[in-house]
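Undergrad: Structure in structure tokens, see below.
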Amino acid sequence: MKIRAAVFREGGEAPAIENLELTGPEPGEVLVRIVATGVCHTDIKAAGEKSPVPKPVVLGHEGAGVVEAVGDGVTKVEIGDHVVMTFDSCGHCPSCLASKPSYCHTQNSFTCTREDGTHYLHAGDEPVYGDFFKQSSFATHAIGTQRNVIQVPKDAPLEILGPLGCGVQTGAGAALNDLKIAPGETFAVLGVGTLGLSAIMAARFAGARRIVAVDRHAHRLDLAAELGADETIVAGDDPVAEAIMAYLPDGADCVLDTTGVLGVMRQGLEVLAPRGRCGFVTSPWDGSELPIAVQHLMVGRSIHGIIEGGSNPDSLIPMLVELNAKGRFPFDRLIKFYELEEIATAIHDSETGQTIKPVLRIG
């Protein structure tokens, strides 16, 4: 079938909207007509020159839409179902069997081909890489698998649900699943974009006693205060650990770093209370190492590397949809809409911090 998609080629982050041919779905696959899809910083990194992602490629991994066709063996969804597309997993490794598919032993979201190495996207005779996070949703249609499509109620607003597949899920899941914030605990969030703000909303839902938010952008901190942060700190070039400790003199029970900046990550460790947990949801792509004073950890402090919020999307995403419908998790307040043809502007606005969560309307 013919589709339209944003194709990233070598030499820059600005994609071209192109007409492509899509083949599928094959057995176990699901064809989804995309209604809207979020733009994530991982997409922006993947488009860059230092990225390991092959080109030309269709990116996008926060798609939401309607099932148009299913391959043989698919029983989870049927034609007409509304779905959120998320990360894929194998279903049979120890992590998947323990209902921790985000830590799947074998899944690689960046190879951008089917398991047999074939392409399902072509520009004429030229193969185009797809299958990014098993969806490549910067397009009118995307191919997913039975495991990475999550059915949602048909009365839920599809155009806002895509970010649940990655950014919102990652922040909320980090707070609820990996850090396991408990009622009465304190929480510091370093960087309040989509992930940080989602973590703040989840921590407030979990009963956190005091939440401190840190960011360079005042307008993000204003929203953080509205969504549940008790204190906000505007970051500059100087360390913020002392400012955090002024609000949390005993240290933070939980810290979440969303920046991936080594100096900021180290400050997150510095402000941990004894037995505190510090989570990292992203890291530098160059393999940089973070020196840690082992003695600092010897009073029960721990570090958590977190992927996709440590979530089981089949349970977390429907829960977040329900909480949003009840007004208890208003992640839609993070969203600004763009058309597919405005994807370059959406990327720019995300990089500069002007927009917290760009969402491309496609349907």
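Order determines the names: the first chain of the structure tokens is A, the second B, and so forth; residues in each chain are numbered 1 upward, and ligands are numbered 1 upward as they are shown.
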So that I can check the surroundings of A:Glu308, please list as an MDAnalysis selection string every protein, DNA and RNA residue that reaches within 10 Å of it, counting only C-alpha atoms and ignoring chain neighbours fewer than 3 positions away.

TA: chainID A and resid 86:87 101:103 165:174 281:282 311:313

Undergrad: Near A:Ala206, within 12 Å and counting only C-alpha atoms, which residues show up once chain neighbours fewer than 2 positions away are dropped, as number ranges by chain?

TA: A: 172-177, 179-187, 199-204, 208-211, 228, 328-329

Undergrad: Residues of the last selection are to be written out with N, CA and C atoms, as an mmCIF file, in the first residue's frame.

TA:
data_model
loop_
_atom_site.group_PDB
_atom_site.id
_atom_site.type_symbol
_atom_site.label_atom_id
_atom_site.label_comp_id
_atom_site.auth_asym_id
_atom_site.auth_seq_id
_atom_site.Cartn_x
_atom_site.Cartn_y
_atom_site.Cartn_z
ATOM 1 N N ALA A 172 6.288 8.031 34.479
ATOM 2 C CA ALA A 172 5.362 7.504 35.482
ATOM 3 C C ALA A 172 5.831 6.154 36.002
ATOM 4 N N GLY A 173 6.275 5.295 35.083
ATOM 5 C CA GLY A 173 6.735 3.974 35.500
ATOM 6 C C GLY A 173 7.969 4.032 36.370
ATOM 7 N N ALA A 174 8.885 4.982 36.080
ATOM 8 C CA ALA A 174 10.076 5.117 36.919
ATOM 9 C C ALA A 174 9.689 5.384 38.365
ATOM 10 N N ALA A 175 8.705 6.253 38.557
ATOM 11 C CA ALA A 175 8.271 6.582 39.917
ATOM 12 C C ALA A 175 7.539 5.427 40.583
ATOM 13 N N LEU A 176 6.681 4.760 39.819
ATOM 14 C CA LEU A 176 5.815 3.738 40.413
ATOM 15 C C LEU A 176 6.450 2.356 40.454
ATOM 16 N N ASN A 177 7.193 1.983 39.411
ATOM 17 C CA ASN A 177 7.664 0.596 39.283
ATOM 18 C C ASN A 177 9.082 0.380 39.793
ATOM 19 N N LEU A 179 11.475 3.015 41.219
ATOM 20 C CA LEU A 179 11.763 3.702 42.477
ATOM 21 C C LEU A 179 10.755 3.322 43.554
ATOM 22 N N LYS A 180 9.567 2.923 43.132
ATOM 23 C CA LYS A 180 8.513 2.480 44.064
ATOM 24 C C LYS A 180 8.286 3.505 45.181
ATOM 25 N N ILE A 181 8.014 4.742 44.776
ATOM 26 C CA ILE A 181 7.784 5.804 45.748
ATOM 27 C C ILE A 181 6.602 5.443 46.635
ATOM 28 N N ALA A 182 6.821 5.546 47.937
ATOM 29 C CA ALA A 182 5.806 5.146 48.913
ATOM 30 C C ALA A 182 5.201 6.386 49.570
ATOM 31 N N PRO A 183 3.997 6.255 50.121
ATOM 32 C CA PRO A 183 3.389 7.382 50.827
ATOM 33 C C PRO A 183 4.326 7.926 51.900
ATOM 34 N N GLY A 184 4.470 9.251 51.927
ATOM 35 C CA GLY A 184 5.299 9.901 52.935
ATOM 36 C C GLY A 184 6.740 10.106 52.528
ATOM 37 N N GLU A 185 7.173 9.564 51.382
ATOM 38 C CA GLU A 185 8.559 9.730 50.963
ATOM 39 C C GLU A 185 8.757 11.048 50.229
ATOM 40 N N THR A 186 10.028 11.471 50.153
ATOM 41 C CA THR A 186 10.386 12.691 49.446
ATOM 42 C C THR A 186 11.005 12.342 48.102
ATOM 43 N N PHE A 187 10.884 13.278 47.149
ATOM 44 C CA PHE A 187 11.240 12.982 45.769
ATOM 45 C C PHE A 187 11.827 14.234 45.126
ATOM 46 N N ALA A 199 6.660 11.821 36.001
ATOM 47 C CA ALA A 199 7.088 11.247 37.280
ATOM 48 C C ALA A 199 6.499 12.020 38.453
ATOM 49 N N ILE A 200 6.431 13.340 38.321
ATOM 50 C CA ILE A 200 5.854 14.160 39.389
ATOM 51 C C ILE A 200 4.378 13.812 39.589
ATOM 52 N N MET A 201 3.632 13.710 38.494
ATOM 53 C CA MET A 201 2.212 13.352 38.619
ATOM 54 C C MET A 201 2.045 11.976 39.251
ATOM 55 N N ALA A 202 2.906 11.030 38.855
ATOM 56 C CA ALA A 202 2.812 9.680 39.410
ATOM 57 C C ALA A 202 3.194 9.663 40.884
ATOM 58 N N ALA A 203 4.217 10.441 41.245
ATOM 59 C CA ALA A 203 4.644 10.490 42.649
ATOM 60 C C ALA A 203 3.559 11.095 43.529
ATOM 61 N N ARG A 204 2.890 12.118 43.009
ATOM 62 C CA ARG A 204 1.788 12.703 43.778
ATOM 63 C C ARG A 204 0.668 11.680 43.931
ATOM 64 N N ALA A 208 3.600 10.800 47.625
ATOM 65 C CA ALA A 208 4.845 11.439 48.058
ATOM 66 C C ALA A 208 4.536 12.635 48.954
ATOM 67 N N ARG A 209 5.363 12.807 49.987
ATOM 68 C CA ARG A 209 5.121 13.878 50.963
ATOM 69 C C ARG A 209 5.613 15.225 50.470
ATOM 70 N N ARG A 210 6.780 15.234 49.815
ATOM 71 C CA ARG A 210 7.370 16.492 49.361
ATOM 72 C C ARG A 210 8.115 16.228 48.056
ATOM 73 N N ILE A 211 7.856 17.050 47.049
ATOM 74 C CA ILE A 211 8.439 16.873 45.723
ATOM 75 C C ILE A 211 9.170 18.152 45.332
ATOM 76 N N GLY A 228 2.007 19.139 40.813
ATOM 77 C CA GLY A 228 2.286 18.414 42.050
ATOM 78 C C GLY A 228 3.578 18.719 42.762
ATOM 79 N N ARG A 328 -6.931 12.609 37.264
ATOM 80 C CA ARG A 328 -5.891 12.365 38.265
ATOM 81 C C ARG A 328 -4.502 12.239 37.657
ATOM 82 N N PHE A 329 -4.405 12.259 36.338
ATOM 83 C CA PHE A 329 -3.105 12.171 35.672
ATOM 84 C C PHE A 329 -3.193 12.973 34.366
#

Undergrad: So that I can check the surroundings of stretch 3-9 of chain A, please list as a count of residues only every protein, DNA and RNA residue that reaches within 7 Å of it, counting only C-alpha atoms and ignoring chain neighbours fewer than 2 positions away.

TA: 21

Undergrad: Got a sec: who's within 10 Å of stretch 68-71 of chain A, counting only C-alpha atoms, leaving out chain neighbours fewer than 2 positions off, as a PDB file with N, CA and C atoms, in the first residue's frame?

TA:
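The resulting file, out.pdb, is shown below:
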ATOM      1  N   GLY A  24       2.826  -5.629   4.144  1.00  0.00           N
ATOM      2  CA  GLY A  24       2.493  -6.241   5.420  1.00  0.00           C
ATOM      3  C   GLY A  24       1.024  -5.995   5.739  1.00  0.00           C
ATOM      4  N   PRO A  25       0.532  -6.558   6.821  1.00  0.00           N
ATOM      5  CA  PRO A  25       1.289  -7.227   7.875  1.00  0.00           C
ATOM      6  C   PRO A  25       1.567  -8.704   7.569  1.00  0.00           C
ATOM      7  N   GLU A  26       2.700  -9.180   8.080  1.00  0.00           N
ATOM      8  CA  GLU A  26       3.037 -10.591   8.020  1.00  0.00           C
ATOM      9  C   GLU A  26       2.521 -11.285   9.285  1.00  0.00           C
ATOM     10  N   PRO A  27       2.683 -12.602   9.396  1.00  0.00           N
ATOM     11  CA  PRO A  27       2.208 -13.290  10.599  1.00  0.00           C
ATOM     12  C   PRO A  27       2.738 -12.656  11.881  1.00  0.00           C
ATOM     13  N   GLY A  28       1.841 -12.460  12.834  1.00  0.00           N
ATOM     14  CA  GLY A  28       2.201 -11.867  14.112  1.00  0.00           C
ATOM     15  C   GLY A  28       2.250 -10.357  14.114  1.00  0.00           C
ATOM     16  N   GLU A  29       2.041  -9.729  12.938  1.00  0.00           N
ATOM     17  CA  GLU A  29       2.134  -8.273  12.840  1.00  0.00           C
ATOM     18  C   GLU A  29       0.750  -7.627  12.782  1.00  0.00           C
ATOM     19  N   VAL A  30       0.736  -6.310  13.056  1.00  0.00           N
ATOM     20  CA  VAL A  30      -0.495  -5.537  13.082  1.00  0.00           C
ATOM     21  C   VAL A  30      -0.272  -4.253  12.285  1.00  0.00           C
ATOM     22  N   LEU A  31      -1.174  -3.940  11.364  1.00  0.00           N
ATOM     23  CA  LEU A  31      -1.121  -2.692  10.611  1.00  0.00           C
ATOM     24  C   LEU A  31      -2.019  -1.668  11.292  1.00  0.00           C
ATOM     25  N   VAL A  32      -1.431  -0.511  11.632  1.00  0.00           N
ATOM     26  CA  VAL A  32      -2.157   0.528  12.358  1.00  0.00           C
ATOM     27  C   VAL A  32      -2.193   1.804  11.524  1.00  0.00           C
ATOM     28  N   ARG A  33      -3.385   2.356  11.352  1.00  0.00           N
ATOM     29  CA  ARG A  33      -3.503   3.691  10.768  1.00  0.00           C
ATOM     30  C   ARG A  33      -3.250   4.702  11.874  1.00  0.00           C
ATOM     31  N   ILE A  34      -2.196   5.491  11.728  1.00  0.00           N
ATOM     32  CA  ILE A  34      -1.779   6.395  12.791  1.00  0.00           C
ATOM     33  C   ILE A  34      -2.672   7.639  12.808  1.00  0.00           C
ATOM     34  N   GLY A  65      -3.402   4.853  17.134  1.00  0.00           N
ATOM     35  CA  GLY A  65      -4.243   4.805  15.952  1.00  0.00           C
ATOM     36  C   GLY A  65      -5.243   3.673  15.983  1.00  0.00           C
ATOM     37  N   VAL A  66      -5.655   3.263  14.786  1.00  0.00           N
ATOM     38  CA  VAL A  66      -6.725   2.285  14.624  1.00  0.00           C
ATOM     39  C   VAL A  66      -6.186   1.099  13.827  1.00  0.00           C
ATOM     40  N   GLY A  73      -2.239 -15.384  13.083  1.00  0.00           N
ATOM     41  CA  GLY A  73      -1.833 -15.683  14.443  1.00  0.00           C
ATOM     42  C   GLY A  73      -2.090 -14.575  15.442  1.00  0.00           C
ATOM     43  N   VAL A  74      -2.529 -13.405  14.986  1.00  0.00           N
ATOM     44  CA  VAL A  74      -2.795 -12.296  15.906  1.00  0.00           C
ATOM     45  C   VAL A  74      -4.175 -12.472  16.525  1.00  0.00           C
ATOM     46  N   THR A  75      -4.213 -12.553  17.846  1.00  0.00           N
ATOM     47  CA  THR A  75      -5.477 -12.717  18.559  1.00  0.00           C
ATOM     48  C   THR A  75      -5.724 -11.602  19.570  1.00  0.00           C
ATOM     49  N   LYS A  76      -4.712 -10.792  19.842  1.00  0.00           N
ATOM     50  CA  LYS A  76      -4.806  -9.766  20.887  1.00  0.00           C
ATOM     51  C   LYS A  76      -5.724  -8.618  20.484  1.00  0.00           C
ATOM     52  N   VAL A  77      -5.684  -8.228  19.195  1.00  0.00           N
ATOM     53  CA  VAL A  77      -6.505  -7.126  18.706  1.00  0.00           C
ATOM     54  C   VAL A  77      -7.156  -7.553  17.393  1.00  0.00           C
ATOM     55  N   GLU A  78      -8.148  -6.768  16.980  1.00  0.00           N
ATOM     56  CA  GLU A  78      -8.812  -7.028  15.706  1.00  0.00           C
ATOM     57  C   GLU A  78      -9.045  -5.715  14.979  1.00  0.00           C
ATOM     58  N   ILE A  79      -9.437  -5.815  13.734  1.00  0.00           N
ATOM     59  CA  ILE A  79      -9.646  -4.623  12.914  1.00  0.00           C
ATOM     60  C   ILE A  79     -10.666  -3.699  13.585  1.00  0.00           C
ATOM     61  N   GLY A  80     -10.312  -2.412  13.636  1.00  0.00           N
ATOM     62  CA  GLY A  80     -11.181  -1.410  14.246  1.00  0.00           C
ATOM     63  C   GLY A  80     -10.817  -1.053  15.669  1.00  0.00           C
ATOM     64  N   ASP A  81      -9.988  -1.864  16.323  1.00  0.00           N
ATOM     65  CA  ASP A  81      -9.579  -1.553  17.697  1.00  0.00           C
ATOM     66  C   ASP A  81      -8.716  -0.303  17.724  1.00  0.00           C
ATOM     67  N   HIS A  82      -8.850   0.480  18.793  1.00  0.00           N
ATOM     68  CA  HIS A  82      -7.990   1.625  19.034  1.00  0.00           C
ATOM     69  C   HIS A  82      -6.804   1.171  19.881  1.00  0.00           C
ATOM     70  N   HIS A 141       0.724   5.193   8.262  1.00  0.00           N
ATOM     71  CA  HIS A 141       0.479   3.820   8.698  1.00  0.00           C
ATOM     72  C   HIS A 141       1.777   3.244   9.266  1.00  0.00           C
ATOM     73  N   ILE A 143       3.588  -0.546  11.054  1.00  0.00           N
ATOM     74  CA  ILE A 143       3.513  -1.982  11.348  1.00  0.00           C
ATOM     75  C   ILE A 143       4.007  -2.224  12.767  1.00  0.00           C
ATOM     76  N   GLY A 144       3.162  -2.837  13.588  1.00  0.00           N
ATOM     77  CA  GLY A 144       3.567  -3.245  14.930  1.00  0.00           C
ATOM     78  C   GLY A 144       3.484  -4.751  15.058  1.00  0.00           C
ATOM     79  N   THR A 145       3.618  -5.224  16.281  1.00  0.00           N
ATOM     80  CA  THR A 145       3.482  -6.648  16.563  1.00  0.00           C
ATOM     81  C   THR A 145       2.378  -6.843  17.595  1.00  0.00           C
ATOM     82  N   GLN A 146       2.006  -8.082  17.766  1.00  0.00           N
ATOM     83  CA  GLN A 146       0.960  -8.373  18.744  1.00  0.00           C
ATOM     84  C   GLN A 146       1.369  -7.921  20.152  1.00  0.00           C
TER      85      GLN A 146
END

Undergrad: Based on the backbone DSSP call, show me all residues of stretch 182-240 of chain A assigned helix (DSSP H, G or I), as a VMD selection string.

TA: chain A and resid 194 to 206 218 to 227

Undergrad: Stretch 42-160 of chain A: which residues are strand (DSSP E) by DSSP, as a list in words?

TA: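 DSSP on the backbone gives strand (DSSP E) at Val57, Val58, Gly63, Ala64, Gly65, Val66, Val67, Glu68, Ala69, Val70, His82, Val83, Val84, Met85, Leu121, His122, Ala123, Glu126, Pro127, Val128, His141, Ala142, Ile143, Gly144, Thr145, Val149, Ile150 and Gln151 of chain A.
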
Undergrad: Per residue of stretch 108-225 of chain A within 8 Å of stretch 345-360 of chain A, which atom pair is closest and at what distance in Å (one decimal), using only C-alpha atoms, listed by chain and increasing number, as a tab-separated table?

TA:
residue	atom	partner	partner_atom	distance
A:Ile160	CA	A:Val359	CA	7.6
A:Gly162	CA	A:Val359	CA	8.0
A:Pro163	CA	A:Val359	CA	7.9
A:Gly193	CA	A:Ile356	CA	5.6
A:Thr194	CA	A:Ile356	CA	6.0
A:His217	CA	A:Gly353	CA	7.3
A:Arg220	CA	A:Ile356	CA	7.8

Undergrad: Do you know which residues are at most 7 Å from stretch 259-272 of chain A counting only C-alpha atoms, after dropping those on the same chain fewer than 4 positions away, and could you put them as a ChimeraX atom specification?

TA: /A:190-191,241,245,251-255,276,278,282-284,290

Undergrad: Using C-alpha atoms, can you write the selected residues to a file as a JSON list (two decimals), in the first residue's frame?

TA:
[["chain", "number", "residue", "atom", "x", "y", "z"],
["A", 190, "LEU", "CA", 16.17, 16.68, 37.84],
["A", 191, "GLY", "CA", 14.76, 17.87, 34.52],
["A", 241, "ALA", "CA", 22.59, 19.97, 45.34],
["A", 245, "MET", "CA", 19.12, 20.01, 50.50],
["A", 251, "GLY", "CA", 18.11, 14.17, 51.69],
["A", 252, "ALA", "CA", 15.67, 12.78, 49.16],
["A", 253, "ASP", "CA", 14.25, 9.29, 49.53],
["A", 254, "CYS", "CA", 14.03, 9.10, 45.74],
["A", 255, "VAL", "CA", 15.76, 11.02, 42.95],
["A", 276, "GLY", "CA", 17.56, 6.44, 49.09],
["A", 278, "CYS", "CA", 18.37, 7.23, 42.46],
["A", 282, "THR", "CA", 18.77, 8.10, 29.93],
["A", 283, "SER", "CA", 22.52, 8.16, 29.50],
["A", 284, "PRO", "CA", 25.18, 9.68, 27.25],
["A", 290, "LEU", "CA", 30.12, 8.16, 36.06]]

Undergrad: Restricting the calculation to only C-alpha atoms, which member of A:Ala156, A:Cys96, A:Val234, A:Leu164 is positioned closest to A:Thr37?

TA: A:Leu164

Undergrad: Which residues, written as a VMD selection string, have at least one atom at most 8 Å from A:Pro54, with only C-alpha atoms counted and residues fewer than 3 positions away on the same chain left out?

TA: chain A and resid 57 111 to 112 129

Undergrad: Restricted to N, CA, C and O atoms, what would the selected residues look like written as a PDB file, in the first residue's frame?

TA:
ATOM      1  N   VAL A  57      15.618   6.354   7.085  1.00  0.00           N
ATOM      2  CA  VAL A  57      14.805   5.674   8.083  1.00  0.00           C
ATOM      3  C   VAL A  57      13.573   6.508   8.403  1.00  0.00           C
ATOM      4  O   VAL A  57      13.598   7.745   8.358  1.00  0.00           O
ATOM      5  N   THR A 111      17.596  -1.589  15.273  1.00  0.00           N
ATOM      6  CA  THR A 111      18.057  -2.263  14.064  1.00  0.00           C
ATOM      7  C   THR A 111      17.252  -1.834  12.843  1.00  0.00           C
ATOM      8  O   THR A 111      17.767  -1.758  11.733  1.00  0.00           O
ATOM      9  N   CYS A 112      15.956  -1.580  13.052  1.00  0.00           N
ATOM     10  CA  CYS A 112      15.089  -0.990  12.019  1.00  0.00           C
ATOM     11  C   CYS A 112      14.855  -1.906  10.818  1.00  0.00           C
ATOM     12  O   CYS A 112      14.666  -1.423   9.688  1.00  0.00           O
ATOM     13  N   TYR A 129      14.604   2.023   5.891  1.00  0.00           N
ATOM     14  CA  TYR A 129      14.537   1.369   7.192  1.00  0.00           C
ATOM     15  C   TYR A 129      13.280   1.817   7.943  1.00  0.00           C
ATOM     16  O   TYR A 129      12.932   2.999   7.970  1.00  0.00           O
TER      17      TYR A 129
END

Undergrad: If you measure from atom CA of A:Glu226 to atom CA of A:Ala325, what distance in Å do you get, rounded to one decimal?

TA: 18.0 Å

Undergrad: What separation in Å, quoted to one decimal, exists between atom CA of A:Val149 and atom CA of A:Thr23?

TA: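 Between atom CA of A:Val149 and atom CA of A:Thr23 the gap is 18.4 Å.
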